[in-house]
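S.K.: I'm passing along data.cif; it holds mmCIF, N, CA and C atoms.
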data_my_file
#
loop_
_atom_site.label_atom_id
_atom_site.label_comp_id
_atom_site.auth_asym_id
_atom_site.auth_seq_id
_atom_site.Cartn_x
_atom_site.Cartn_y
_atom_site.Cartn_z
N GLN M 1 0.83 -1.20 0.00
CA GLN M 1 0.00 0.00 0.00
C GLN M 1 0.87 1.25 0.00
N ARG M 2 0.40 2.25 -0.71
CA ARG M 2 1.12 3.53 -0.74
C ARG M 2 1.06 4.18 0.64
N PRO M 3 2.11 4.91 1.02
CA PRO M 3 2.09 5.56 2.33
C PRO M 3 0.96 6.60 2.44
N GLU M 4 0.51 7.13 1.31
CA GLU M 4 -0.54 8.15 1.33
C GLU M 4 -1.90 7.54 0.99
N ASP M 5 -2.12 6.30 1.34
CA ASP M 5 -3.39 5.63 1.09
C ASP M 5 -4.38 6.03 2.19
N PRO M 6 -5.41 6.83 1.84
CA PRO M 6 -6.34 7.30 2.88
C PRO M 6 -7.00 6.14 3.64
N ARG M 7 -7.31 5.04 2.96
CA ARG M 7 -7.98 3.93 3.65
C ARG M 7 -7.08 3.32 4.73
N ALA M 8 -5.81 3.13 4.40
CA ALA M 8 -4.86 2.59 5.39
C ALA M 8 -4.70 3.57 6.55
N MET M 9 -4.66 4.87 6.24
CA MET M 9 -4.50 5.89 7.28
C MET M 9 -5.73 5.92 8.20
N VAL M 10 -6.92 5.71 7.64
CA VAL M 10 -8.14 5.67 8.45
C VAL M 10 -8.08 4.50 9.42
N THR M 11 -7.68 3.33 8.92
CA THR M 11 -7.57 2.16 9.79
C THR M 11 -6.57 2.42 10.91
N GLU M 12 -5.40 2.96 10.57
CA GLU M 12 -4.37 3.24 11.58
C GLU M 12 -4.87 4.22 12.62
N ALA M 13 -5.53 5.29 12.18
CA ALA M 13 -6.03 6.30 13.12
C ALA M 13 -7.10 5.70 14.03
N ALA M 14 -7.99 4.89 13.48
CA ALA M 14 -9.05 4.26 14.27
C ALA M 14 -8.42 3.40 15.37
N LEU M 15 -7.48 2.56 14.99
CA LEU M 15 -6.85 1.67 15.96
C LEU M 15 -6.08 2.46 17.02
N ARG M 16 -5.41 3.52 16.58
CA ARG M 16 -4.64 4.36 17.52
C ARG M 16 -5.57 4.99 18.56
N HIS M 17 -6.80 5.30 18.17
CA HIS M 17 -7.74 5.97 19.08
C HIS M 17 -8.74 5.00 19.70
N GLY M 18 -8.52 3.71 19.51
CA GLY M 18 -9.35 2.71 20.17
C GLY M 18 -10.76 2.60 19.61
N LEU M 19 -10.92 2.94 18.34
CA LEU M 19 -12.24 2.84 17.71
C LEU M 19 -12.26 1.67 16.74
N PRO M 20 -13.43 1.05 16.55
CA PRO M 20 -13.52 0.03 15.50
C PRO M 20 -13.26 0.71 14.16
N PRO M 21 -12.32 0.20 13.37
CA PRO M 21 -12.04 0.84 12.08
C PRO M 21 -13.30 1.03 11.23
N GLU M 22 -14.26 0.12 11.33
CA GLU M 22 -15.47 0.20 10.49
C GLU M 22 -16.23 1.50 10.70
N ILE M 23 -16.27 2.02 11.94
CA ILE M 23 -17.04 3.25 12.18
C ILE M 23 -16.32 4.45 11.56
N VAL M 24 -15.00 4.48 11.64
CA VAL M 24 -14.25 5.60 11.04
C VAL M 24 -14.29 5.50 9.52
N HIS M 25 -14.20 4.27 8.99
CA HIS M 25 -14.34 4.10 7.54
C HIS M 25 -15.72 4.53 7.07
N ALA M 26 -16.76 4.21 7.85
CA ALA M 26 -18.12 4.59 7.47
C ALA M 26 -18.25 6.11 7.39
N VAL M 27 -17.63 6.81 8.34
CA VAL M 27 -17.67 8.28 8.32
C VAL M 27 -16.87 8.82 7.13
N ALA M 28 -15.65 8.33 6.93
CA ALA M 28 -14.80 8.83 5.84
C ALA M 28 -15.46 8.58 4.48
N ALA M 29 -16.03 7.39 4.29
CA ALA M 29 -16.67 7.05 3.02
C ALA M 29 -17.90 7.93 2.78
N THR M 30 -18.67 8.16 3.83
CA THR M 30 -19.89 8.97 3.71
C THR M 30 -19.54 10.44 3.51
N GLU M 31 -18.54 10.93 4.24
CA GLU M 31 -18.16 12.34 4.16
C GLU M 31 -17.58 12.71 2.80
N SER M 32 -16.62 11.91 2.30
CA SER M 32 -15.84 12.35 1.14
C SER M 32 -15.53 11.26 0.13
N ALA M 33 -15.99 10.04 0.37
CA ALA M 33 -15.57 8.90 -0.45
C ALA M 33 -14.04 8.81 -0.48
N TYR M 34 -13.40 9.18 0.64
CA TYR M 34 -11.94 9.13 0.83
C TYR M 34 -11.19 10.12 -0.07
N GLN M 35 -11.84 11.16 -0.52
CA GLN M 35 -11.19 12.13 -1.42
C GLN M 35 -10.45 13.20 -0.61
N PRO M 36 -9.10 13.19 -0.64
CA PRO M 36 -8.34 14.16 0.16
C PRO M 36 -8.63 15.61 -0.21
N ARG M 37 -9.01 15.87 -1.47
CA ARG M 37 -9.23 17.25 -1.91
C ARG M 37 -10.70 17.66 -1.88
N ALA M 38 -11.56 16.82 -1.32
CA ALA M 38 -12.99 17.15 -1.26
C ALA M 38 -13.21 18.42 -0.43
N VAL M 39 -14.08 19.29 -0.94
CA VAL M 39 -14.49 20.49 -0.20
C VAL M 39 -16.01 20.59 -0.33
N SER M 40 -16.70 20.68 0.80
CA SER M 40 -18.16 20.75 0.77
C SER M 40 -18.61 22.17 0.47
N PRO M 41 -19.88 22.34 0.08
CA PRO M 41 -20.39 23.71 -0.16
C PRO M 41 -20.25 24.60 1.08
N LYS M 42 -20.25 24.00 2.28
CA LYS M 42 -20.12 24.79 3.51
C LYS M 42 -18.66 25.01 3.90
N GLY M 43 -17.72 24.43 3.14
CA GLY M 43 -16.31 24.67 3.40
C GLY M 43 -15.60 23.58 4.17
N ALA M 44 -16.27 22.44 4.41
CA ALA M 44 -15.60 21.32 5.08
C ALA M 44 -14.58 20.72 4.12
N VAL M 45 -13.45 20.30 4.69
CA VAL M 45 -12.28 19.95 3.88
C VAL M 45 -11.82 18.51 4.11
N GLY M 46 -11.40 17.86 3.03
CA GLY M 46 -10.64 16.62 3.11
C GLY M 46 -11.46 15.36 3.37
N VAL M 47 -10.73 14.27 3.61
CA VAL M 47 -11.32 12.95 3.78
C VAL M 47 -12.38 12.94 4.88
N MET M 48 -12.07 13.58 6.01
CA MET M 48 -12.99 13.58 7.15
C MET M 48 -13.90 14.81 7.16
N GLN M 49 -13.79 15.64 6.12
CA GLN M 49 -14.65 16.82 5.97
C GLN M 49 -14.69 17.68 7.23
N LEU M 50 -13.51 18.16 7.62
CA LEU M 50 -13.40 19.03 8.79
C LEU M 50 -13.64 20.47 8.39
N MET M 51 -14.42 21.17 9.19
CA MET M 51 -14.56 22.61 9.01
C MET M 51 -13.23 23.22 9.47
N PRO M 52 -12.75 24.26 8.76
CA PRO M 52 -11.45 24.85 9.13
C PRO M 52 -11.37 25.24 10.61
N ARG M 53 -12.46 25.78 11.17
CA ARG M 53 -12.43 26.19 12.58
C ARG M 53 -12.30 24.97 13.50
N THR M 54 -13.01 23.90 13.18
CA THR M 54 -12.92 22.67 13.97
C THR M 54 -11.50 22.11 13.90
N ALA M 55 -10.94 22.09 12.69
CA ALA M 55 -9.57 21.59 12.51
C ALA M 55 -8.61 22.42 13.36
N ALA M 56 -8.78 23.75 13.35
CA ALA M 56 -7.90 24.63 14.14
C ALA M 56 -8.04 24.32 15.63
N GLN M 57 -9.28 24.09 16.09
CA GLN M 57 -9.49 23.75 17.51
C GLN M 57 -8.79 22.43 17.86
N LEU M 58 -8.68 21.54 16.87
CA LEU M 58 -8.03 20.25 17.09
C LEU M 58 -6.53 20.32 16.79
N GLY M 59 -6.04 21.50 16.44
CA GLY M 59 -4.62 21.70 16.16
C GLY M 59 -4.17 21.02 14.89
N ALA M 60 -5.07 20.94 13.89
CA ALA M 60 -4.75 20.22 12.65
C ALA M 60 -4.88 21.12 11.44
N ASP M 61 -4.08 20.84 10.43
CA ASP M 61 -4.22 21.47 9.12
C ASP M 61 -5.16 20.57 8.31
N PRO M 62 -6.38 21.02 8.02
CA PRO M 62 -7.34 20.14 7.35
C PRO M 62 -6.91 19.74 5.94
N HIS M 63 -5.97 20.50 5.36
CA HIS M 63 -5.49 20.18 4.00
C HIS M 63 -4.38 19.13 4.01
N ASP M 64 -3.86 18.82 5.18
CA ASP M 64 -2.84 17.77 5.31
C ASP M 64 -3.57 16.45 5.55
N LEU M 65 -3.41 15.51 4.62
CA LEU M 65 -4.17 14.26 4.65
C LEU M 65 -4.08 13.55 6.00
N ARG M 66 -2.87 13.37 6.49
CA ARG M 66 -2.67 12.64 7.74
C ARG M 66 -3.31 13.39 8.92
N GLN M 67 -3.08 14.71 8.98
CA GLN M 67 -3.65 15.51 10.08
C GLN M 67 -5.18 15.53 10.00
N ASN M 68 -5.72 15.57 8.79
CA ASN M 68 -7.18 15.58 8.60
C ASN M 68 -7.79 14.30 9.16
N ILE M 69 -7.23 13.18 8.79
CA ILE M 69 -7.77 11.88 9.23
C ILE M 69 -7.58 11.72 10.73
N GLU M 70 -6.42 12.11 11.22
CA GLU M 70 -6.14 12.02 12.66
C GLU M 70 -7.12 12.88 13.45
N ALA M 71 -7.31 14.12 13.05
CA ALA M 71 -8.18 15.05 13.78
C ALA M 71 -9.65 14.60 13.68
N GLY M 72 -10.07 14.16 12.51
CA GLY M 72 -11.44 13.70 12.36
C GLY M 72 -11.73 12.48 13.21
N THR M 73 -10.75 11.58 13.29
CA THR M 73 -10.90 10.38 14.12
C THR M 73 -10.96 10.75 15.59
N ARG M 74 -10.10 11.67 15.99
CA ARG M 74 -10.08 12.13 17.39
C ARG M 74 -11.42 12.81 17.74
N LEU M 75 -11.93 13.63 16.82
CA LEU M 75 -13.22 14.29 17.03
C LEU M 75 -14.33 13.25 17.19
N LEU M 76 -14.34 12.26 16.32
CA LEU M 76 -15.36 11.20 16.41
C LEU M 76 -15.26 10.48 17.76
N ARG M 77 -14.05 10.14 18.17
CA ARG M 77 -13.86 9.46 19.46
C ARG M 77 -14.36 10.34 20.60
N ASP M 78 -14.01 11.62 20.57
CA ASP M 78 -14.45 12.54 21.63
C ASP M 78 -15.97 12.63 21.68
N LEU M 79 -16.62 12.65 20.53
CA LEU M 79 -18.09 12.72 20.50
C LEU M 79 -18.71 11.42 21.00
N LEU M 80 -18.12 10.29 20.62
CA LEU M 80 -18.63 9.00 21.12
C LEU M 80 -18.52 8.95 22.65
N LEU M 81 -17.42 9.48 23.19
CA LEU M 81 -17.26 9.51 24.65
C LEU M 81 -18.24 10.49 25.29
N LYS M 82 -18.42 11.64 24.66
CA LYS M 82 -19.34 12.67 25.19
C LYS M 82 -20.75 12.12 25.35
N TYR M 83 -21.20 11.33 24.39
CA TYR M 83 -22.60 10.86 24.39
C TYR M 83 -22.76 9.42 24.88
N GLN M 84 -21.69 8.81 25.40
CA GLN M 84 -21.75 7.38 25.72
C GLN M 84 -22.82 7.01 26.75
N ASN M 85 -23.19 7.94 27.63
CA ASN M 85 -24.18 7.62 28.66
C ASN M 85 -25.55 8.23 28.36
N THR M 86 -25.83 8.45 27.08
CA THR M 86 -27.12 9.02 26.68
C THR M 86 -27.84 7.98 25.81
N PRO M 87 -29.16 8.17 25.63
CA PRO M 87 -29.86 7.26 24.70
C PRO M 87 -29.29 7.44 23.28
N ASN M 88 -29.20 6.35 22.53
CA ASN M 88 -28.69 6.39 21.15
C ASN M 88 -27.36 7.12 21.02
N PRO M 89 -26.36 6.71 21.80
CA PRO M 89 -25.10 7.46 21.83
C PRO M 89 -24.39 7.54 20.48
N VAL M 90 -24.41 6.48 19.70
CA VAL M 90 -23.70 6.51 18.41
C VAL M 90 -24.41 7.45 17.44
N ARG M 91 -25.74 7.38 17.41
CA ARG M 91 -26.49 8.31 16.54
C ARG M 91 -26.23 9.76 16.94
N ARG M 92 -26.20 10.02 18.25
CA ARG M 92 -25.92 11.39 18.72
C ARG M 92 -24.52 11.83 18.31
N ALA M 93 -23.54 10.96 18.49
CA ALA M 93 -22.16 11.31 18.14
C ALA M 93 -22.04 11.60 16.64
N LEU M 94 -22.68 10.77 15.81
CA LEU M 94 -22.63 10.98 14.37
C LEU M 94 -23.36 12.28 13.99
N ALA M 95 -24.49 12.54 14.63
CA ALA M 95 -25.22 13.78 14.37
C ALA M 95 -24.36 14.99 14.75
N ALA M 96 -23.65 14.87 15.87
CA ALA M 96 -22.78 15.97 16.31
C ALA M 96 -21.62 16.15 15.34
N TYR M 97 -21.11 15.05 14.79
CA TYR M 97 -20.03 15.15 13.79
C TYR M 97 -20.54 15.93 12.58
N ASN M 98 -21.80 15.70 12.22
CA ASN M 98 -22.38 16.33 11.03
C ASN M 98 -22.88 17.75 11.31
N ALA M 99 -23.61 17.94 12.39
CA ALA M 99 -24.31 19.22 12.62
C ALA M 99 -23.74 20.02 13.78
N GLY M 100 -22.80 19.43 14.51
CA GLY M 100 -22.22 20.10 15.67
C GLY M 100 -22.89 19.66 16.96
N ALA M 101 -22.09 19.59 18.02
CA ALA M 101 -22.61 19.14 19.32
C ALA M 101 -23.66 20.10 19.85
N GLY M 102 -23.54 21.38 19.52
CA GLY M 102 -24.52 22.37 19.98
C GLY M 102 -25.93 22.01 19.53
N ALA M 103 -26.06 21.61 18.27
CA ALA M 103 -27.38 21.24 17.73
C ALA M 103 -27.91 19.99 18.43
N VAL M 104 -27.05 19.01 18.65
CA VAL M 104 -27.47 17.76 19.32
C VAL M 104 -27.91 18.07 20.75
N ASP M 105 -27.15 18.92 21.43
CA ASP M 105 -27.50 19.27 22.81
C ASP M 105 -28.80 20.08 22.85
N ARG M 106 -28.96 20.99 21.91
CA ARG M 106 -30.18 21.81 21.84
C ARG M 106 -31.42 20.94 21.68
N TYR M 107 -31.33 19.94 20.82
CA TYR M 107 -32.48 19.07 20.55
C TYR M 107 -32.52 17.84 21.46
N ASN M 108 -31.51 17.71 22.32
CA ASN M 108 -31.39 16.55 23.19
C ASN M 108 -31.51 15.25 22.40
N GLY M 109 -30.78 15.21 21.29
CA GLY M 109 -30.81 14.05 20.40
C GLY M 109 -30.45 14.49 19.00
N VAL M 110 -30.68 13.61 18.04
CA VAL M 110 -30.38 13.94 16.64
C VAL M 110 -31.29 15.08 16.21
N PRO M 111 -30.71 16.19 15.74
CA PRO M 111 -31.56 17.32 15.32
C PRO M 111 -32.40 16.93 14.09
N PRO M 112 -33.56 17.56 13.94
CA PRO M 112 -34.47 17.17 12.86
C PRO M 112 -34.10 17.75 11.49
N TYR M 113 -32.81 17.90 11.22
CA TYR M 113 -32.38 18.41 9.91
C TYR M 113 -32.33 17.23 8.95
N ARG M 114 -32.94 17.40 7.78
CA ARG M 114 -32.97 16.31 6.80
C ARG M 114 -31.56 15.81 6.50
N GLU M 115 -30.62 16.73 6.27
CA GLU M 115 -29.24 16.34 5.93
C GLU M 115 -28.63 15.48 7.04
N THR M 116 -28.84 15.88 8.29
CA THR M 116 -28.25 15.15 9.42
C THR M 116 -28.90 13.79 9.60
N LEU M 117 -30.23 13.74 9.49
CA LEU M 117 -30.94 12.46 9.62
C LEU M 117 -30.47 11.48 8.56
N THR M 118 -30.35 11.96 7.32
CA THR M 118 -29.88 11.12 6.22
C THR M 118 -28.44 10.67 6.46
N TYR M 119 -27.61 11.61 6.89
CA TYR M 119 -26.20 11.33 7.15
C TYR M 119 -26.04 10.22 8.19
N VAL M 120 -26.73 10.37 9.31
CA VAL M 120 -26.62 9.39 10.40
C VAL M 120 -27.01 8.00 9.91
N GLU M 121 -28.12 7.91 9.19
CA GLU M 121 -28.56 6.60 8.70
C GLU M 121 -27.58 6.02 7.69
N ARG M 122 -27.04 6.87 6.81
CA ARG M 122 -26.05 6.40 5.82
C ARG M 122 -24.81 5.83 6.49
N VAL M 123 -24.30 6.55 7.50
CA VAL M 123 -23.09 6.10 8.19
C VAL M 123 -23.36 4.78 8.90
N ILE M 124 -24.49 4.69 9.59
CA ILE M 124 -24.79 3.47 10.34
C ILE M 124 -24.99 2.29 9.40
N GLU M 125 -25.69 2.52 8.31
CA GLU M 125 -25.89 1.46 7.32
C GLU M 125 -24.54 0.98 6.77
N ARG M 126 -23.67 1.93 6.44
CA ARG M 126 -22.34 1.60 5.91
C ARG M 126 -21.52 0.86 6.97
N TYR M 127 -21.62 1.32 8.23
CA TYR M 127 -20.90 0.65 9.32
C TYR M 127 -21.31 -0.82 9.40
N TRP M 128 -22.62 -1.10 9.40
CA TRP M 128 -23.08 -2.49 9.53
C TRP M 128 -22.61 -3.34 8.35
N ARG M 129 -22.64 -2.76 7.15
CA ARG M 129 -22.14 -3.49 5.97
C ARG M 129 -20.67 -3.83 6.13
N LEU M 130 -19.86 -2.85 6.55
CA LEU M 130 -18.42 -3.07 6.74
C LEU M 130 -18.17 -4.08 7.86
N ALA M 131 -18.90 -3.95 8.96
CA ALA M 131 -18.71 -4.85 10.10
C ALA M 131 -19.06 -6.28 9.69
N ALA M 132 -20.12 -6.45 8.93
CA ALA M 132 -20.53 -7.78 8.50
C ALA M 132 -19.49 -8.41 7.58
N SER M 133 -18.95 -7.62 6.66
CA SER M 133 -17.95 -8.18 5.74
C SER M 133 -16.65 -8.48 6.46
N THR M 134 -16.32 -7.68 7.49
CA THR M 134 -15.11 -7.94 8.28
C THR M 134 -15.25 -9.25 9.05
N ARG M 135 -16.43 -9.46 9.62
CA ARG M 135 -16.65 -10.69 10.42
C ARG M 135 -16.64 -11.95 9.55
N GLN M 136 -17.13 -11.82 8.32
CA GLN M 136 -17.16 -12.99 7.44
C GLN M 136 -15.76 -13.47 7.08
N GLY M 137 -14.83 -12.53 7.04
CA GLY M 137 -13.45 -12.91 6.72
C GLY M 137 -13.29 -13.34 5.27
N PRO M 138 -12.11 -13.88 4.93
CA PRO M 138 -11.82 -14.23 3.52
C PRO M 138 -12.65 -15.42 3.04
#
Let me see whether you can do it: turn the structure in this file into structure tokens.
M.R.:
Amino acid sequence: QRPEDPRAMVTEAALRHGLPPEIVHAVAATESAYQPRAVSPKGAVGVMQLMPRTAAQLGADPHDLRQNIEAGTRLLRDLLLKYQNTPNPVRRALAAYNAGAGAVDRYNGVPPYRETLTYVERVIERYWRLAASTRQGP
């Protein structure tokens, strides 16, 4: 594998942060289809689609592939920890990744934004597909 392979970097970052690689892959695939140069209409950047301000808060350059994946994985882990003792913690964490923790806290759950609802379901569906194929093995 090439050293700049986003998929390998996602797996490494997930394992480094104690997350199942499938959840980080599901986010990366849904956010950008692993495209390092992806930029959303709202200005989110890179494989993990970090907003420049979020990246700065995480001490990362969102245009640097490795830093983008590292910071996005760390953000996801922090959100999973933040919501771990709430109902539907994974859905809340994914919603916060998409719409911001403020929106999740305001609505005390997944906010009723069509984009966020669709995003959460897409990531979870992708996660289950990846987890199932991983368990089946070769």
S.K.: Atom CA of Ala93 of chain M to atom N of Arg53 of chain M: how many Å, to one decimal?
M.R.: 18.8 Å
S.K.: Using only C-alpha atoms, pick whichever of M:Arg77, M:Arg114, M:Arg7, M:Arg91 has the shortest atom-to-atom distance to Ser32 of chain M.
M.R.: M:Arg7
S.K.: If we count only C-alpha atoms, what is near Gly72 of chain M at a cut-off of 9 Å, once residues fewer than 4 positions away on the same chain are taken out, given as a PyMOL selection string?
M.R.: chain M and resi 24+28+47-50+55+58+67-68+76-77+97
S.K.: Suppose you want the space between atom N of Tyr127 of chain M and atom N of Ala26 of chain M; what is it in Å?
M.R.: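 About the pair atom N of Tyr127 of chain M and atom N of Ala26 of chain M: they are 5.7 Å apart.
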S.K.: Output as a ChimeraX atom specification all residues of chain M that backbone DSSP marks as helix (DSSP H, G or I).
M.R.: /M:6-16,21-32,52-57,65-82,89-99,101-107,114-136
S.K.: When the PyMOL selection byres ((chain M and resi 13-21) around 7) is applied to the file above, which residues end up in the set, as a PyMOL selection string?
M.R.: chain M and resi 8-12+22-26+69-70+73-74+77
